[in-house]
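final.cif follows (mmCIF, C-alpha atoms):
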data_query
loop_
_atom_site.label_atom_id
_atom_site.label_comp_id
_atom_site.auth_asym_id
_atom_site.auth_seq_id
_atom_site.Cartn_x
_atom_site.Cartn_y
_atom_site.Cartn_z
CA MET A 23 71.49 43.05 125.77
CA GLY A 24 70.06 44.43 122.52
CA PHE A 25 71.86 46.13 119.67
CA GLN A 26 70.98 49.67 120.78
CA GLU A 27 72.09 48.90 124.32
CA ASP A 28 75.38 47.51 122.98
CA LEU A 29 75.91 50.67 120.94
CA GLN A 30 75.29 52.83 124.00
CA ALA A 31 77.39 50.75 126.38
CA SER A 32 80.45 49.98 124.24
CA SER A 33 83.08 52.34 122.87
CA ALA A 34 84.88 49.78 120.70
CA PHE A 35 83.85 47.01 118.33
CA VAL A 36 85.63 44.56 116.06
CA VAL A 37 84.34 43.98 112.52
CA ARG A 38 85.66 40.68 111.11
CA GLN A 39 85.19 39.73 107.50
CA ARG A 40 84.33 36.10 106.81
CA LYS A 41 85.77 34.48 103.69
CA GLU A 42 84.79 31.31 101.86
CA LEU A 43 86.78 28.53 100.18
CA ALA A 44 86.17 29.93 96.68
CA GLU A 45 88.20 33.01 97.57
CA LEU A 46 91.31 30.87 97.91
CA PHE A 47 91.06 30.33 94.14
CA GLY A 48 90.59 34.00 93.23
CA PHE A 49 86.78 34.21 93.12
CA GLU A 50 85.06 37.02 95.02
CA SER A 51 82.12 35.70 97.04
CA ARG A 52 79.43 37.61 98.92
CA ASN A 53 80.83 39.83 101.64
CA LYS A 54 79.99 38.70 105.19
CA TYR A 55 81.01 40.20 108.51
CA GLU A 56 80.81 39.42 112.22
CA ILE A 57 80.63 42.36 114.64
CA THR A 58 81.77 41.76 118.21
CA THR A 59 82.77 43.62 121.33
CA GLN A 60 86.50 43.60 122.08
CA ASP A 61 86.05 40.62 124.39
CA GLY A 62 84.61 38.60 121.49
CA ARG A 63 80.88 38.73 122.22
CA ALA A 64 78.87 38.82 118.98
CA VAL A 65 76.49 41.78 118.74
CA ALA A 66 75.60 41.68 115.04
CA TYR A 67 76.31 40.14 111.66
CA ALA A 68 76.25 41.67 108.19
CA ALA A 69 75.91 39.97 104.81
CA GLU A 70 75.69 41.07 101.20
CA GLN A 71 72.34 40.11 99.66
CA GLN A 72 73.24 40.07 95.97
CA LYS A 73 72.86 36.41 94.96
CA GLY A 74 72.63 34.27 91.84
CA PHE A 75 74.83 33.97 88.78
CA LEU A 76 74.34 37.59 87.71
CA GLY A 77 75.38 38.75 91.15
CA PHE A 78 78.46 36.52 90.88
CA LEU A 79 79.44 38.05 87.53
CA LEU A 80 78.92 41.62 88.72
CA ARG A 81 81.01 40.90 91.81
CA GLN A 82 83.91 39.55 89.70
CA PHE A 83 83.99 42.32 87.09
CA LEU A 84 82.63 45.45 88.78
CA GLY A 85 83.94 45.01 92.30
CA HIS A 86 82.92 47.81 94.67
CA TRP A 87 81.36 49.87 91.85
CA ARG A 88 78.36 47.55 91.56
CA ARG A 89 74.93 48.04 93.11
CA PHE A 90 74.39 45.88 96.20
CA GLU A 91 72.80 45.72 99.64
CA ILE A 92 74.31 44.63 102.94
CA HIS A 93 71.87 43.61 105.68
CA PHE A 94 72.83 43.88 109.36
CA PHE A 95 71.07 41.51 111.76
CA SER A 96 71.30 40.42 115.37
CA PRO A 97 72.69 37.05 116.56
CA GLY A 98 69.01 36.06 116.84
CA ARG A 99 68.51 36.91 113.12
CA GLN A 100 66.47 40.04 113.79
CA PRO A 101 67.04 42.77 111.16
CA LEU A 102 68.90 45.84 112.45
CA MET A 103 69.69 48.02 109.44
CA VAL A 104 70.31 47.89 105.70
CA ALA A 105 73.21 49.51 103.81
CA ARG A 106 72.53 50.18 100.11
CA HIS A 107 75.26 50.95 97.60
CA PRO A 108 74.07 52.48 94.30
CA PHE A 109 75.98 51.83 91.07
CA ARG A 110 78.70 54.47 90.74
CA PHE A 111 82.06 54.79 89.01
CA PHE A 112 83.02 57.87 91.04
CA PHE A 113 82.35 59.20 94.55
CA GLN A 114 81.06 56.00 96.11
CA ARG A 115 78.10 56.18 98.51
CA LEU A 116 76.60 53.84 101.10
CA GLU A 117 73.09 54.72 102.32
CA VAL A 118 71.98 53.25 105.65
CA ALA A 119 68.35 52.72 106.69
CA ASP A 120 66.45 50.89 109.41
CA PRO A 121 64.53 47.68 108.57
CA GLN A 122 61.43 49.75 107.74
CA GLY A 123 63.36 51.81 105.20
CA ARG A 124 63.69 55.00 107.27
CA PRO A 125 67.05 56.73 106.63
CA LEU A 126 69.68 56.50 109.36
CA GLY A 127 72.50 58.20 107.48
CA ALA A 128 75.04 57.69 104.72
CA LEU A 129 78.75 57.52 103.88
CA GLN A 130 79.68 59.77 100.95
CA GLN A 131 83.09 59.74 99.28
CA ARG A 132 84.50 63.18 98.43
CA PHE A 133 87.00 64.37 95.83
CA SER A 134 90.58 64.15 97.01
CA ILE A 135 93.96 63.55 95.40
CA LEU A 136 96.36 62.78 98.25
CA SER A 137 93.98 61.42 100.86
CA LYS A 138 91.11 59.01 101.38
CA ARG A 139 88.19 61.31 102.12
CA PHE A 140 84.50 60.81 102.86
CA ASP A 141 81.72 62.26 105.01
CA VAL A 142 79.34 60.68 107.49
CA GLU A 143 75.84 62.11 107.05
CA ASP A 144 72.93 61.84 109.46
CA SER A 145 69.37 60.88 108.53
CA VAL A 146 68.60 64.29 106.96
CA GLY A 147 71.92 64.72 105.13
CA ASN A 148 73.83 66.85 107.64
CA VAL A 149 77.55 66.06 107.85
CA VAL A 150 78.24 64.85 111.40
CA MET A 151 81.76 63.47 110.91
CA THR A 152 84.44 63.73 108.26
CA VAL A 153 87.29 61.41 107.33
CA LYS A 154 90.49 62.61 105.69
CA SER A 155 93.20 59.97 105.87
CA PRO A 156 96.53 60.43 104.01
CA ILE A 157 97.15 57.81 101.35
CA TRP A 158 100.38 56.72 103.09
CA GLU A 159 98.47 55.93 106.32
CA ILE A 160 96.92 52.89 104.74
CA TRP A 161 95.26 51.25 107.74
CA THR A 162 93.96 54.18 109.85
CA PHE A 163 90.82 56.26 109.26
CA PRO A 164 90.21 59.04 111.82
CA PHE A 165 86.70 60.52 112.11
CA GLU A 166 86.53 64.20 113.04
CA HIS A 167 83.79 66.52 114.30
CA ASP A 168 84.48 70.25 114.63
CA GLY A 169 88.18 69.62 114.14
CA GLN A 170 88.43 67.00 116.91
CA THR A 171 88.98 63.27 116.39
CA VAL A 172 85.96 61.53 117.91
CA ALA A 173 86.28 58.05 116.39
CA ALA A 174 88.53 55.85 114.29
CA VAL A 175 88.38 52.74 112.13
CA LYS A 176 91.66 50.80 112.05
CA LYS A 177 92.47 47.76 109.95
CA LYS A 178 94.10 45.09 112.11
CA TRP A 179 96.77 42.61 111.08
CA SER A 180 95.12 39.25 110.34
CA GLY A 181 98.21 37.06 110.37
CA VAL A 182 100.71 36.10 107.67
CA LEU A 183 98.82 33.12 106.20
CA LYS A 184 95.44 34.85 106.14
CA GLU A 185 96.88 38.04 104.62
CA MET A 186 98.68 36.06 101.89
CA ILE A 187 95.87 33.81 100.67
CA THR A 188 92.73 35.92 101.20
CA ASP A 189 91.69 39.56 101.43
CA ALA A 190 89.72 38.94 104.64
CA ASP A 191 90.01 41.98 106.88
CA ASN A 192 89.57 42.81 110.55
CA PHE A 193 88.72 46.33 111.70
CA LEU A 194 88.72 47.95 115.13
CA VAL A 195 86.00 50.60 115.45
CA GLU A 196 86.57 53.04 118.33
CA ALA A 197 84.36 55.95 119.41
CA SER A 198 84.68 58.56 122.14
CA PRO A 199 81.95 58.81 124.81
CA GLN A 200 80.28 61.82 123.16
CA VAL A 201 79.44 59.87 119.99
CA PRO A 202 75.73 58.90 120.21
CA ALA A 203 74.52 55.36 119.53
CA ALA A 204 72.98 56.34 116.17
CA GLN A 205 76.35 57.53 114.93
CA LYS A 206 78.10 54.41 116.27
CA ALA A 207 75.80 52.39 114.02
CA LEU A 208 77.02 54.48 111.09
CA LEU A 209 80.62 53.82 112.18
CA LEU A 210 79.98 50.07 111.89
CA ALA A 211 78.61 50.65 108.40
CA ALA A 212 81.66 52.82 107.71
CA ALA A 213 83.98 49.90 108.52
CA VAL A 214 82.21 47.87 105.82
CA PHE A 215 82.36 50.86 103.44
CA ILE A 216 86.11 51.21 104.06
CA ASP A 217 86.68 47.50 103.47
CA LEU A 218 84.79 47.51 100.17
CA GLN A 219 86.23 50.80 98.97
CA TYR A 220 89.89 50.46 99.94
CA PHE A 221 90.68 46.82 100.73
CA GLU A 222 88.48 44.59 98.55
CA ARG A 223 90.79 42.74 96.18
CA LYS A 224 88.83 43.63 93.05
CA ALA A 225 88.85 47.31 94.00
CA THR A 226 92.59 47.23 94.57
CA ARG A 227 93.23 45.67 91.19
CA SER A 228 91.07 48.26 89.46
CA GLU A 229 92.54 51.29 91.20
#

Is it possible to give me this structure as structure tokens?
Amino acid sequence: MGFQEDLQASSAFVVRQRKELAELFGFESRNKYEITTQDGRAVAYAAEQQKGFLGFLLRQFLGHWRRFEIHFFSPGRQPLMVARHPFRFFFQRLEVADPQGRPLGALQQRFSILSKRFDVEDSVGNVVMTVKSPIWEIWTFPFEHDGQTVAAVKKKWSGVLKEMITDADNFLVEASPQVPAAQKALLLAAAVFIDLQYFERKATRSE
């Protein structure tokens, strides 16, 4: 079954962040994720592409503000989509495109004081879903369309030891049947966006 077929057939996915040994000693390494169905079948992987010593320094000191790319690919290493994050101090943005560079959509953070708020845009910039999660609901991000909740990204408990020594995160991505496959792909990118924006250790220290 291909990626598009998985997006059409499944209503829930798990996005698991993979951490490396260096992170046990306080160094932020490249972000990597495994995307599976709820029964554990891998449907995709995602990995940050910023490499080298300069990339290492930017990752340590700029955290989620830095410019970077995350590539999504199939278990057979076929490219699926690319998420690009431009350098920004405010109103973070993640732009998603197919392997040929054609826009698929974007995640755009919006101004908010007492909530975590961002929009999901389609390929031409129309807002198709909005997220407005109170700051005290730390682990739940509901996605709404026309005032109705149509999807959610929820951070899952990773276990005491893992939570204490790393900032590796697991997310459950759920979508209602009316959410099309193209928007489910953006939800998977949104789980990565949420992790980098709200749960990455460097971001937490800075904010």

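Remark: residues at most 12 Å from position (75.7, 63.2, 120.0) in file coordinates are Gln30, Asp144, Val150, Met151, His167, Val172, Ala197, Ser198, Pro199, Gln200, Val201, Pro202, Ala203, Ala204, Gln205 and Lys206 of chain A, using only C-alpha atoms.
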
Store the residues picked out above, limited to C-alpha atoms, as a PDB file, keeping the file's coordinate frame.
ATOM      1  CA  GLN A  30      75.290  52.830 124.000  1.00  0.00           C
ATOM      2  CA  ASP A 144      72.930  61.840 109.460  1.00  0.00           C
ATOM      3  CA  VAL A 150      78.240  64.850 111.400  1.00  0.00           C
ATOM      4  CA  MET A 151      81.760  63.470 110.910  1.00  0.00           C
ATOM      5  CA  HIS A 167      83.790  66.520 114.300  1.00  0.00           C
ATOM      6  CA  VAL A 172      85.960  61.530 117.910  1.00  0.00           C
ATOM      7  CA  ALA A 197      84.360  55.950 119.410  1.00  0.00           C
ATOM      8  CA  SER A 198      84.680  58.560 122.140  1.00  0.00           C
ATOM      9  CA  PRO A 199      81.950  58.810 124.810  1.00  0.00           C
ATOM     10  CA  GLN A 200      80.280  61.820 123.160  1.00  0.00           C
ATOM     11  CA  VAL A 201      79.440  59.870 119.990  1.00  0.00           C
ATOM     12  CA  PRO A 202      75.730  58.900 120.210  1.00  0.00           C
ATOM     13  CA  ALA A 203      74.520  55.360 119.530  1.00  0.00           C
ATOM     14  CA  ALA A 204      72.980  56.340 116.170  1.00  0.00           C
ATOM     15  CA  GLN A 205      76.350  57.530 114.930  1.00  0.00           C
ATOM     16  CA  LYS A 206      78.100  54.410 116.270  1.00  0.00           C
TER      17      LYS A 206
END

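On the file presented, the PyMOL selection byres ((chain A and resi 34-38) around 7) picks out Ser32, Ser33, Gln39, Arg40, Tyr55, Glu56, Ile57, Thr58, Thr59, Gln60, Asp191, Asn192, Phe193, Leu194, Val195, Glu196 and Ala197 of chain A.
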
Item to complete: Using the chain letters and numbering of this document, enumerate as number ranges by chain the residues selected by the PyMOL selection byres ((chain A and resi 91-95) around 7).
Response: A: 66-72, 90, 96-97, 99-107

Taken to one decimal, the atom CA of Trp179 of chain A-atom CA of Gly24 of chain A distance is 29.1 Å

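Among A:Asp217, A:Gly127, A:Gln170, A:Ser137, the residue with the shortest atom-to-atom distance to Lys154 of chain A, counting only C-alpha atoms, is A:Ser137.
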
Hey, what comes out of the PyMOL selection byres ((chain A and resi 161) around 9) on this file? Could you write it as a PyMOL selection string?
chain A and resi 158-160+162-163+175-178

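Between atom CA of Pro121 of chain A and atom CA of Ala207 of chain A there is a distance of 13.4 Å.
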
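Reported to one decimal place, the separation of atom CA of Gly147 of chain A from atom CA of Thr171 of chain A is 20.5 Å.
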
| said: Neighbouring residues of Ala128 of chain A were defined as those with any atom within 9 Å, considering only C-alpha atoms; residues of the same chain fewer than 3 positions away were excluded. Please report them as number ranges by chain. | reply: A: 105, 115-119, 125, 141-145, 147, 208, 211-212

- prompt: Residues at most 10 Å from Arg139 of chain A, counting only C-alpha atoms, excluding those fewer than 4 positions away in the same chain, as a PyMOL selection string?
  reply: chain A and resi 113+130-135+152-157+163

Among A:Gln114, A:Ala173, A:Leu126, A:Gln26, Val146 of chain A is approached most closely, using all atoms listed in the file, by A:Leu126
